[in-house]
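> Below is one structure. I have some questions about it.
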Amino acid sequence: MNFPFYIARRYLFSKKSTNAINVISAISVVGVVVATMALVVTLSVFNGFHDLVASFFTSFDPQLKVTPVRGKTVDTNDPALMKIRQLAAIDVATDCLEDQALAAFGSRQAMVTVKGVDDNFDRLTHINEILIGDGEFQLHAADMHYGIPGIRLAEKLGTGITYEYPMTIYAPQREGQLNMADPTTGFREDELYSPGVLFCVRQAKYDKNYIITSLEFARNLFQQEDRISSLELRLKPGSNFDRVKAEIQQIAGDRFYVRDRFEQQDDTFKIMKIEKFIAYIFLTFILMVACFNIIGSLSMLIIEKKDDVVTLRNLGASDHQITRIFLFEGRLISIIGAVVGILLGLLLCWLQQTFGFVKLGSSSGSFVVNAYPVSVHPEDIVLVFVTVILVGWLAVWYPVRYFSKRLLQ
C-alpha cells in the first residue's frame, strides 16, 4: 500500500484533538461539494436552453444547406448541385430562392423575406408541426400562389390566420432606371393568397420576417428564372451525417458553403456558447475561493501533527514522503468534494427534468416552457470533474510544500 496515502486517509477520517480542525475540514469539503454541484447544474441548464432553441430551428431549417460563396444566387442546373442531388444518401433535395421584399395588406406594410420553395418543403423539414390554422401546407393551386407568413408578421400586418383578400408583395426591378416622376414603375408587384395557416417557429428571426411561398412565385417576383439562393437537403435515415457532409463539401469545393443546422444559426449558438463559457469561468473562480478552506484545514492539520511528523521521521520516513501525506490529504478532499458534488448535481438535474421545481414564470403558459430546461451532457461532467481536481490540487500544492518545509526544518 502507498504509505503516504494510507496515513493521509487516516488523518482525514480520524478525529482531531482540536475540534476546530474537524469543523474546518468539513467546511472545506462542503465548499468544494457546493461549487461542484453549481457547476454541474449551471452547465446543464445552459445545455437545456441550447437544446430547446435547437429544437425550434429543427422545424424550419434543413439538415444541410448549400449556398454560393460568391453572389446571392446560382444556376439551379450547376453541375456541382446536380451531382449533389444524385447522391445515394440524399432523401429530399429542395431548391429555394429567398430575398427581401415589401409586403402590404390594407393600410399596413412590412419588410419581409420571401422564401420560395419546392412543393416537397414539407418533407424536407417539420413545417407541418408548427402550422397554426385550419388549412394545410399548400404553396399553389393552378395559377394562384399561396403565402404562409410567420405568426408575428401576420400580427404586424393584421392578416389574422386567414386573410380574406390577397397580400400584395413588392420587389425592386432588377433592370432599368428608376423614374422619379413615377417611382412605382421601379417595382414589381404580385399577390399572395392565404392557405388558411401560419407558421410559428418561436424565433423572431423567422416568425417576424418570413413568408413561405412557391419557388415559381419567388422567381417571377425577383426576376431570377432558373436561379436558386440555396439547395436544402435531408438525408436518408441511418446515413452517416459527418461522412455525407464531408462528401458534399468535397463536391461543392470552394464555390459553395455546406452548413448543418447549427452552422446555419451560428450567431445564435455562438452567443450561447460564450455565455456558457463565461458562467463556467465565474463558477471556477468560486471553486478556487472554496479551495482556500482546504488550505486552512491543511495548515492547521500540519501544525497539529508536528509530533507525528517527528515520529515518522524517526521511523525512517523521508521528507518527501511526509510532504506527500499532506498533499494526499488535500487531494482526497478535492476528490470527495468532486464526486459528491457531481452526484448531488445530477440528482438536482434529474429532479428538475422530472418535476420542474424551478419555474420560469408565475403564470402557466407565459413562456415556451414553464420550467428551466435541463440537459446533462457527459462531456460537461468530465470537464467539471477534471476542473475540480486540477483547481483543488493546484490550490494545495504550494501551501503544503511551504508549511512542510517550515515544519521539517
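Ordering of the C-alpha cells sets the chain letters (A, B, ...); residue numbers start at 1 within each chain; ligands are numbered from 1 in the order shown.
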Tell me which protein, DNA and RNA residues are within 8 Å of region 106-116 of chain A, counting only C-alpha atoms, leaving out same-chain ones fewer than 5 positions away, and put them as an NGL selection string.

:A and (96-101 or 153 or 156-158 or 209-219)

> Enumerate, as number ranges by chain, the complete set of residues in region 22-202 of chain A that a backbone-based DSSP assignment places in alpha helix (DSSP H).

A: 22-58, 79-85, 121-124, 151-157

> Quick one: pull the distance between CA of Tyr163 (chain A) and CA of Asn128 (chain A), Å, one decimal.

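For CA of Tyr163 (chain A) relative to CA of Asn128 (chain A), the distance reads 19.5 Å.
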
> Can you tell me how far CA of Val40 (chain A) sits from CA of Phe56 (chain A), in Å to one decimal?

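About the pair CA of Val40 (chain A) and CA of Phe56 (chain A): they are 24.7 Å apart.
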
> Based on the backbone DSSP call, show me all residues of region 187-404 of chain A assigned strand (DSSP E), as a list in words.

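Written out, the strand (DSSP E) residues of region 187-404 of chain A are Phe187, Arg188, Glu189, Asp190, Glu191, Leu192, Val197, Leu198, Phe199, Tyr210, Ile211, Ile212, Thr213, Ser214, Arg227, Ile228, Ser230, Leu231, Glu232, Leu233, Arg234, Leu235, Phe256, Tyr257, Val258, Arg259 and Asp260 of chain A.
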
> Pick out the residues sitting within 6 Å of region 287-303 of chain A, and hand them over as a list in words; count only C-alpha atoms, and ignore anything fewer than 2 positions along from it in its own chain.

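The residues satisfying every condition are Ile24, Ser25, Ser28, Gly31, Val32, Ala35, Thr284, Phe285, Lys305, Lys306 and Val396 of chain A.
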
> Can you work out the spacing between CA of Leu327 (chain A) and CA of Val340 (chain A) in Å, to one decimal?

20.1 Å

> Here is a test: counting only C-alpha atoms, which residue of A:Ala338, A:Val53, A:Met272, A:Ile132 is nearest to Val368 (chain A)?

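The shortest atom-to-atom distance to Val368 (chain A) comes from A:Val53.
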
> At a cut-off of 8 Å, using only C-alpha atoms, what residues contact Phe222 (chain A)? Leave out same-chain residues fewer than 4 positions from it and give the result as a VMD selection string.

chain A and resid 99 171 to 174 188 218

> Which of these, A:Phe105, A:Trp350, A:Phe121, A:Phe326, has the shortest distance to Val376 (chain A) once you count only C-alpha atoms?

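Under the stated criterion, the closest residue is A:Trp350.
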
> For Val258 (chain A), work out the shell of residues within 12 Å, counting only C-alpha atoms and skipping chain neighbours fewer than 4 positions away, then give it as a short mmCIF file (atom, residue, chain, number, x, y, z; two decimals) with all heavy atoms, in the first residue's frame.


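Produced file selection36.cif, reproduced below:
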```cif
data_model
loop_
_atom_site.label_atom_id
_atom_site.label_comp_id
_atom_site.auth_asym_id
_atom_site.auth_seq_id
_atom_site.Cartn_x
_atom_site.Cartn_y
_atom_site.Cartn_z
N PRO A 62 -33.22 23.05 -42.73
CA PRO A 62 -32.90 21.72 -43.26
C PRO A 62 -31.69 21.12 -42.54
O PRO A 62 -30.96 21.83 -41.85
CB PRO A 62 -32.58 22.00 -44.72
CG PRO A 62 -32.00 23.39 -44.69
CD PRO A 62 -32.77 24.13 -43.63
N GLN A 63 -31.48 19.84 -42.74
CA GLN A 63 -30.31 19.20 -42.15
C GLN A 63 -29.03 19.79 -42.72
O GLN A 63 -28.07 20.04 -41.99
CB GLN A 63 -30.34 17.69 -42.43
CG GLN A 63 -31.28 16.92 -41.52
CD GLN A 63 -31.20 15.43 -41.78
OE1 GLN A 63 -31.41 14.96 -42.91
NE2 GLN A 63 -30.88 14.66 -40.77
N LEU A 64 -29.01 20.01 -44.04
CA LEU A 64 -27.85 20.60 -44.70
C LEU A 64 -28.33 21.67 -45.68
O LEU A 64 -29.37 21.49 -46.34
CB LEU A 64 -27.03 19.55 -45.45
CG LEU A 64 -26.23 18.55 -44.59
CD1 LEU A 64 -25.64 17.47 -45.47
CD2 LEU A 64 -25.13 19.27 -43.82
N LYS A 65 -27.57 22.75 -45.76
CA LYS A 65 -27.92 23.85 -46.66
C LYS A 65 -26.69 24.24 -47.47
O LYS A 65 -25.65 24.56 -46.91
CB LYS A 65 -28.42 25.04 -45.84
CG LYS A 65 -28.96 26.19 -46.66
CD LYS A 65 -29.58 27.25 -45.75
CE LYS A 65 -30.22 28.37 -46.54
NZ LYS A 65 -30.87 29.37 -45.66
N VAL A 66 -26.83 24.21 -48.79
CA VAL A 66 -25.73 24.53 -49.70
C VAL A 66 -26.01 25.91 -50.29
O VAL A 66 -27.04 26.11 -50.94
CB VAL A 66 -25.60 23.49 -50.82
CG1 VAL A 66 -24.41 23.82 -51.72
CG2 VAL A 66 -25.46 22.09 -50.23
N THR A 67 -25.10 26.85 -50.06
CA THR A 67 -25.28 28.22 -50.56
C THR A 67 -24.01 28.67 -51.29
O THR A 67 -22.90 28.22 -50.96
CB THR A 67 -25.56 29.20 -49.40
OG1 THR A 67 -24.52 29.09 -48.43
CG2 THR A 67 -26.90 28.89 -48.74
N PRO A 68 -24.16 29.57 -52.27
CA PRO A 68 -22.97 30.03 -53.02
C PRO A 68 -22.07 30.93 -52.17
O PRO A 68 -22.55 31.70 -51.34
CB PRO A 68 -23.58 30.82 -54.19
CG PRO A 68 -24.93 31.23 -53.72
CD PRO A 68 -25.41 30.14 -52.80
N VAL A 69 -20.78 30.81 -52.38
CA VAL A 69 -19.81 31.64 -51.67
C VAL A 69 -19.83 33.06 -52.23
O VAL A 69 -19.78 34.04 -51.48
CB VAL A 69 -18.39 31.04 -51.79
CG1 VAL A 69 -17.35 31.99 -51.22
CG2 VAL A 69 -18.33 29.69 -51.08
N LEU A 81 -24.22 21.10 -58.10
CA LEU A 81 -25.51 20.91 -57.43
C LEU A 81 -26.23 19.70 -58.00
O LEU A 81 -26.88 18.95 -57.25
CB LEU A 81 -26.37 22.16 -57.58
CG LEU A 81 -25.81 23.45 -56.96
CD1 LEU A 81 -26.81 24.60 -57.13
CD2 LEU A 81 -25.48 23.25 -55.49
N ILE A 84 -24.71 16.69 -56.41
CA ILE A 84 -25.12 16.56 -55.00
C ILE A 84 -26.52 15.96 -54.91
O ILE A 84 -26.77 15.09 -54.08
CB ILE A 84 -25.05 17.93 -54.30
CG1 ILE A 84 -23.60 18.38 -54.16
CG2 ILE A 84 -25.73 17.87 -52.93
CD1 ILE A 84 -23.45 19.80 -53.64
N SER A 230 -30.30 28.76 -52.51
CA SER A 230 -29.78 27.65 -51.70
C SER A 230 -30.38 26.34 -52.15
O SER A 230 -31.49 26.29 -52.70
CB SER A 230 -30.09 27.87 -50.21
OG SER A 230 -31.49 27.84 -49.98
N LEU A 231 -29.62 25.27 -51.93
CA LEU A 231 -30.10 23.91 -52.12
C LEU A 231 -30.16 23.28 -50.74
O LEU A 231 -29.13 23.16 -50.07
CB LEU A 231 -29.16 23.12 -53.03
CG LEU A 231 -29.47 21.62 -53.20
CD1 LEU A 231 -30.83 21.44 -53.87
CD2 LEU A 231 -28.38 20.91 -53.99
N GLU A 232 -31.37 22.91 -50.32
CA GLU A 232 -31.56 22.41 -48.96
C GLU A 232 -31.80 20.91 -49.01
O GLU A 232 -32.59 20.41 -49.84
CB GLU A 232 -32.70 23.15 -48.27
CG GLU A 232 -32.43 24.65 -48.23
CD GLU A 232 -33.45 25.44 -47.45
OE1 GLU A 232 -34.46 24.87 -47.00
OE2 GLU A 232 -33.24 26.65 -47.27
N LEU A 233 -31.14 20.18 -48.10
CA LEU A 233 -31.07 18.72 -48.19
C LEU A 233 -31.53 18.03 -46.91
O LEU A 233 -31.31 18.54 -45.80
CB LEU A 233 -29.64 18.29 -48.50
CG LEU A 233 -28.97 18.94 -49.72
CD1 LEU A 233 -27.49 18.60 -49.74
CD2 LEU A 233 -29.65 18.49 -51.01
N ASP A 242 -21.78 13.02 -40.77
CA ASP A 242 -20.48 13.67 -40.96
C ASP A 242 -19.83 13.23 -42.27
O ASP A 242 -19.22 14.06 -42.98
CB ASP A 242 -19.56 13.35 -39.78
CG ASP A 242 -20.04 13.98 -38.49
OD1 ASP A 242 -20.70 15.04 -38.56
OD2 ASP A 242 -19.76 13.43 -37.41
N VAL A 244 -21.35 12.11 -45.03
CA VAL A 244 -22.09 12.67 -46.17
C VAL A 244 -21.81 14.16 -46.31
O VAL A 244 -21.62 14.67 -47.42
CB VAL A 244 -23.60 12.42 -46.00
CG1 VAL A 244 -24.38 13.11 -47.12
CG2 VAL A 244 -23.90 10.93 -46.01
N LYS A 245 -21.77 14.87 -45.19
CA LYS A 245 -21.47 16.31 -45.26
C LYS A 245 -20.09 16.55 -45.86
O LYS A 245 -19.92 17.46 -46.70
CB LYS A 245 -21.55 16.93 -43.86
CG LYS A 245 -21.28 18.42 -43.83
CD LYS A 245 -21.25 18.97 -42.42
CE LYS A 245 -20.88 20.45 -42.44
NZ LYS A 245 -20.73 21.01 -41.08
N ALA A 246 -19.12 15.75 -45.45
CA ALA A 246 -17.77 15.90 -45.99
C ALA A 246 -17.74 15.60 -47.49
O ALA A 246 -17.04 16.26 -48.27
CB ALA A 246 -16.81 14.97 -45.24
N GLU A 247 -18.52 14.59 -47.91
CA GLU A 247 -18.59 14.25 -49.33
C GLU A 247 -19.21 15.38 -50.14
O GLU A 247 -18.74 15.71 -51.23
CB GLU A 247 -19.40 12.95 -49.51
CG GLU A 247 -19.44 12.45 -50.94
CD GLU A 247 -20.21 11.15 -51.08
OE1 GLU A 247 -20.71 10.65 -50.04
OE2 GLU A 247 -20.33 10.65 -52.21
N ILE A 248 -20.27 15.97 -49.60
CA ILE A 248 -20.93 17.09 -50.28
C ILE A 248 -19.99 18.29 -50.37
O ILE A 248 -19.91 18.96 -51.40
CB ILE A 248 -22.23 17.48 -49.55
CG1 ILE A 248 -23.25 16.34 -49.67
CG2 ILE A 248 -22.81 18.77 -50.11
CD1 ILE A 248 -24.51 16.56 -48.86
N GLN A 249 -19.26 18.56 -49.29
CA GLN A 249 -18.32 19.68 -49.30
C GLN A 249 -17.22 19.45 -50.31
O GLN A 249 -16.77 20.40 -50.97
CB GLN A 249 -17.73 19.87 -47.90
CG GLN A 249 -16.83 21.09 -47.76
CD GLN A 249 -17.57 22.40 -47.97
OE1 GLN A 249 -18.32 22.84 -47.12
NE2 GLN A 249 -17.37 23.03 -49.13
N GLN A 250 -16.80 18.19 -50.48
CA GLN A 250 -15.77 17.89 -51.47
C GLN A 250 -16.29 18.16 -52.88
O GLN A 250 -15.56 18.69 -53.73
CB GLN A 250 -15.33 16.43 -51.33
CG GLN A 250 -14.18 16.05 -52.25
CD GLN A 250 -13.72 14.62 -52.03
OE1 GLN A 250 -14.37 13.84 -51.33
NE2 GLN A 250 -12.60 14.25 -52.63
N ILE A 251 -17.55 17.80 -53.14
CA ILE A 251 -18.14 18.06 -54.45
C ILE A 251 -18.32 19.56 -54.66
O ILE A 251 -18.05 20.09 -55.74
CB ILE A 251 -19.50 17.34 -54.57
CG1 ILE A 251 -19.30 15.82 -54.50
CG2 ILE A 251 -20.20 17.73 -55.86
CD1 ILE A 251 -20.60 15.04 -54.43
N ALA A 252 -18.77 20.24 -53.62
CA ALA A 252 -19.04 21.68 -53.72
C ALA A 252 -17.77 22.49 -53.89
O ALA A 252 -17.78 23.57 -54.49
CB ALA A 252 -19.82 22.15 -52.49
N GLY A 253 -16.67 21.99 -53.34
CA GLY A 253 -15.40 22.70 -53.43
C GLY A 253 -15.44 24.04 -52.71
O GLY A 253 -16.13 24.19 -51.70
N ASP A 254 -14.71 25.00 -53.24
CA ASP A 254 -14.66 26.32 -52.60
C ASP A 254 -15.69 27.28 -53.18
O ASP A 254 -15.67 28.47 -52.87
CB ASP A 254 -13.26 26.92 -52.73
CG ASP A 254 -12.81 27.06 -54.19
OD1 ASP A 254 -13.59 26.66 -55.09
OD2 ASP A 254 -11.70 27.57 -54.42
N PHE A 262 -26.68 23.77 -36.97
CA PHE A 262 -26.01 24.64 -36.01
C PHE A 262 -25.22 25.73 -36.73
O PHE A 262 -25.17 26.87 -36.28
CB PHE A 262 -25.09 23.83 -35.09
CG PHE A 262 -25.84 22.91 -34.16
CD1 PHE A 262 -25.90 21.55 -34.39
CD2 PHE A 262 -26.50 23.43 -33.06
CE1 PHE A 262 -26.59 20.72 -33.54
CE2 PHE A 262 -27.20 22.60 -32.20
CZ PHE A 262 -27.26 21.24 -32.44
N GLU A 263 -24.61 25.39 -37.85
CA GLU A 263 -23.85 26.38 -38.60
C GLU A 263 -24.76 27.40 -39.28
O GLU A 263 -24.38 28.55 -39.48
CB GLU A 263 -22.97 25.67 -39.64
CG GLU A 263 -21.85 24.86 -39.00
CD GLU A 263 -21.15 23.95 -39.99
OE1 GLU A 263 -21.78 23.58 -41.01
OE2 GLU A 263 -19.99 23.58 -39.75
N GLN A 264 -25.98 26.98 -39.63
CA GLN A 264 -26.94 27.91 -40.22
C GLN A 264 -27.36 28.98 -39.22
O GLN A 264 -27.71 30.10 -39.60
CB GLN A 264 -28.17 27.15 -40.70
CG GLN A 264 -27.92 26.24 -41.88
CD GLN A 264 -29.08 25.30 -42.14
OE1 GLN A 264 -30.24 25.69 -42.10
NE2 GLN A 264 -28.77 24.03 -42.39
#
```

> With a distance cut-off of 12 Å and only C-alpha atoms, select the neighbouring residues of Val382 (chain A), excluding the residue or stretch itself and same-chain residues fewer than 4 positions from it, and output the selection as a PyMOL selection string.

chain A and resi 36+39-40+43+338-339+342+376-378+386-389

> How would the residues just chosen look if you wrote them out with all heavy atoms as an mmCIF file, in the first residue's frame?


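File produced: part-v9.cif:
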```
data_model
loop_
_atom_site.group_PDB
_atom_site.id
_atom_site.type_symbol
_atom_site.label_atom_id
_atom_site.label_comp_id
_atom_site.auth_asym_id
_atom_site.auth_seq_id
_atom_site.Cartn_x
_atom_site.Cartn_y
_atom_site.Cartn_z
ATOM 1 N N THR A 36 -18.934 22.413 -6.938
ATOM 2 C CA THR A 36 -19.030 21.392 -7.981
ATOM 3 C C THR A 36 -20.477 21.197 -8.416
ATOM 4 O O THR A 36 -20.774 21.109 -9.621
ATOM 5 C CB THR A 36 -18.461 20.056 -7.468
ATOM 6 O OG1 THR A 36 -17.119 20.250 -7.024
ATOM 7 C CG2 THR A 36 -18.487 19.005 -8.569
ATOM 8 N N LEU A 39 -21.572 23.985 -10.637
ATOM 9 C CA LEU A 39 -21.037 23.836 -11.990
ATOM 10 C C LEU A 39 -21.876 22.863 -12.812
ATOM 11 O O LEU A 39 -22.241 23.148 -13.960
ATOM 12 C CB LEU A 39 -19.591 23.348 -11.928
ATOM 13 C CG LEU A 39 -18.497 24.414 -11.809
ATOM 14 C CD1 LEU A 39 -17.162 23.765 -11.458
ATOM 15 C CD2 LEU A 39 -18.362 25.202 -13.111
ATOM 16 N N VAL A 40 -22.201 21.722 -12.232
ATOM 17 C CA VAL A 40 -22.983 20.705 -12.948
ATOM 18 C C VAL A 40 -24.358 21.247 -13.324
ATOM 19 O O VAL A 40 -24.800 21.136 -14.481
ATOM 20 C CB VAL A 40 -23.117 19.426 -12.099
ATOM 21 C CG1 VAL A 40 -24.098 18.445 -12.753
ATOM 22 C CG2 VAL A 40 -21.768 18.757 -11.900
ATOM 23 N N LEU A 43 -24.159 24.371 -15.977
ATOM 24 C CA LEU A 43 -23.825 23.934 -17.338
ATOM 25 C C LEU A 43 -24.972 23.133 -17.952
ATOM 26 O O LEU A 43 -25.245 23.249 -19.151
ATOM 27 C CB LEU A 43 -22.545 23.103 -17.332
ATOM 28 C CG LEU A 43 -21.264 23.839 -16.901
ATOM 29 C CD1 LEU A 43 -20.055 22.912 -17.013
ATOM 30 C CD2 LEU A 43 -21.040 25.092 -17.740
ATOM 31 N N ALA A 338 -15.532 16.555 -5.322
ATOM 32 C CA ALA A 338 -15.910 16.455 -6.734
ATOM 33 C C ALA A 338 -16.950 15.361 -6.952
ATOM 34 O O ALA A 338 -17.966 15.578 -7.618
ATOM 35 C CB ALA A 338 -14.675 16.192 -7.588
ATOM 36 N N VAL A 339 -16.722 14.187 -6.374
ATOM 37 C CA VAL A 339 -17.636 13.055 -6.579
ATOM 38 C C VAL A 339 -19.000 13.340 -5.955
ATOM 39 O O VAL A 339 -20.051 13.175 -6.598
ATOM 40 C CB VAL A 339 -17.033 11.764 -5.997
ATOM 41 C CG1 VAL A 339 -18.051 10.630 -6.031
ATOM 42 C CG2 VAL A 339 -15.779 11.368 -6.763
ATOM 43 N N ILE A 342 -20.801 16.196 -7.877
ATOM 44 C CA ILE A 342 -21.340 15.751 -9.165
ATOM 45 C C ILE A 342 -22.595 14.911 -8.961
ATOM 46 O O ILE A 342 -23.599 15.079 -9.669
ATOM 47 C CB ILE A 342 -20.272 14.969 -9.947
ATOM 48 C CG1 ILE A 342 -19.196 15.934 -10.472
ATOM 49 C CG2 ILE A 342 -20.893 14.196 -11.104
ATOM 50 C CD1 ILE A 342 -18.020 15.244 -11.134
ATOM 51 N N VAL A 376 -28.208 17.096 -19.372
ATOM 52 C CA VAL A 376 -26.888 16.696 -18.878
ATOM 53 C C VAL A 376 -26.082 16.096 -20.018
ATOM 54 O O VAL A 376 -26.514 15.133 -20.656
ATOM 55 C CB VAL A 376 -27.009 15.676 -17.723
ATOM 56 C CG1 VAL A 376 -25.624 15.247 -17.253
ATOM 57 C CG2 VAL A 376 -27.807 16.268 -16.569
ATOM 58 N N HIS A 377 -24.924 16.691 -20.288
ATOM 59 C CA HIS A 377 -24.022 16.178 -21.316
ATOM 60 C C HIS A 377 -22.818 15.519 -20.639
ATOM 61 O O HIS A 377 -22.185 16.134 -19.772
ATOM 62 C CB HIS A 377 -23.546 17.311 -22.228
ATOM 63 C CG HIS A 377 -24.630 17.865 -23.097
ATOM 64 N ND1 HIS A 377 -24.406 18.838 -24.049
ATOM 65 C CD2 HIS A 377 -25.962 17.582 -23.164
ATOM 66 C CE1 HIS A 377 -25.542 19.124 -24.661
ATOM 67 N NE2 HIS A 377 -26.503 18.387 -24.145
ATOM 68 N N PRO A 378 -22.484 14.287 -20.997
ATOM 69 C CA PRO A 378 -21.367 13.575 -20.351
ATOM 70 C C PRO A 378 -20.048 14.344 -20.401
ATOM 71 O O PRO A 378 -19.277 14.320 -19.434
ATOM 72 C CB PRO A 378 -21.277 12.269 -21.139
ATOM 73 C CG PRO A 378 -22.640 12.067 -21.710
ATOM 74 C CD PRO A 378 -23.170 13.435 -21.987
ATOM 75 N N VAL A 386 -12.621 17.139 -13.914
ATOM 76 C CA VAL A 386 -11.216 17.500 -14.156
ATOM 77 C C VAL A 386 -10.917 18.885 -13.589
ATOM 78 O O VAL A 386 -9.849 19.110 -12.991
ATOM 79 C CB VAL A 386 -10.905 17.450 -15.667
ATOM 80 C CG1 VAL A 386 -9.516 18.011 -15.947
ATOM 81 C CG2 VAL A 386 -10.999 16.017 -16.184
ATOM 82 N N THR A 387 -11.848 19.819 -13.749
ATOM 83 C CA THR A 387 -11.651 21.180 -13.237
ATOM 84 C C THR A 387 -11.497 21.189 -11.730
ATOM 85 O O THR A 387 -10.586 21.831 -11.182
ATOM 86 C CB THR A 387 -12.832 22.080 -13.644
ATOM 87 O OG1 THR A 387 -12.923 22.135 -15.063
ATOM 88 C CG2 THR A 387 -12.647 23.489 -13.098
ATOM 89 N N VAL A 388 -12.379 20.481 -11.047
ATOM 90 C CA VAL A 388 -12.326 20.450 -9.580
ATOM 91 C C VAL A 388 -11.023 19.822 -9.100
ATOM 92 O O VAL A 388 -10.379 20.330 -8.171
ATOM 93 C CB VAL A 388 -13.535 19.678 -9.015
ATOM 94 C CG1 VAL A 388 -13.429 19.551 -7.497
ATOM 95 C CG2 VAL A 388 -14.834 20.389 -9.377
ATOM 96 N N ILE A 389 -10.626 18.733 -9.721
ATOM 97 C CA ILE A 389 -9.388 18.059 -9.317
ATOM 98 C C ILE A 389 -8.180 18.960 -9.547
ATOM 99 O O ILE A 389 -7.319 19.129 -8.668
ATOM 100 C CB ILE A 389 -9.220 16.732 -10.086
ATOM 101 C CG1 ILE A 389 -10.362 15.764 -9.755
ATOM 102 C CG2 ILE A 389 -7.872 16.095 -9.743
ATOM 103 C CD1 ILE A 389 -10.511 15.447 -8.288
#
```
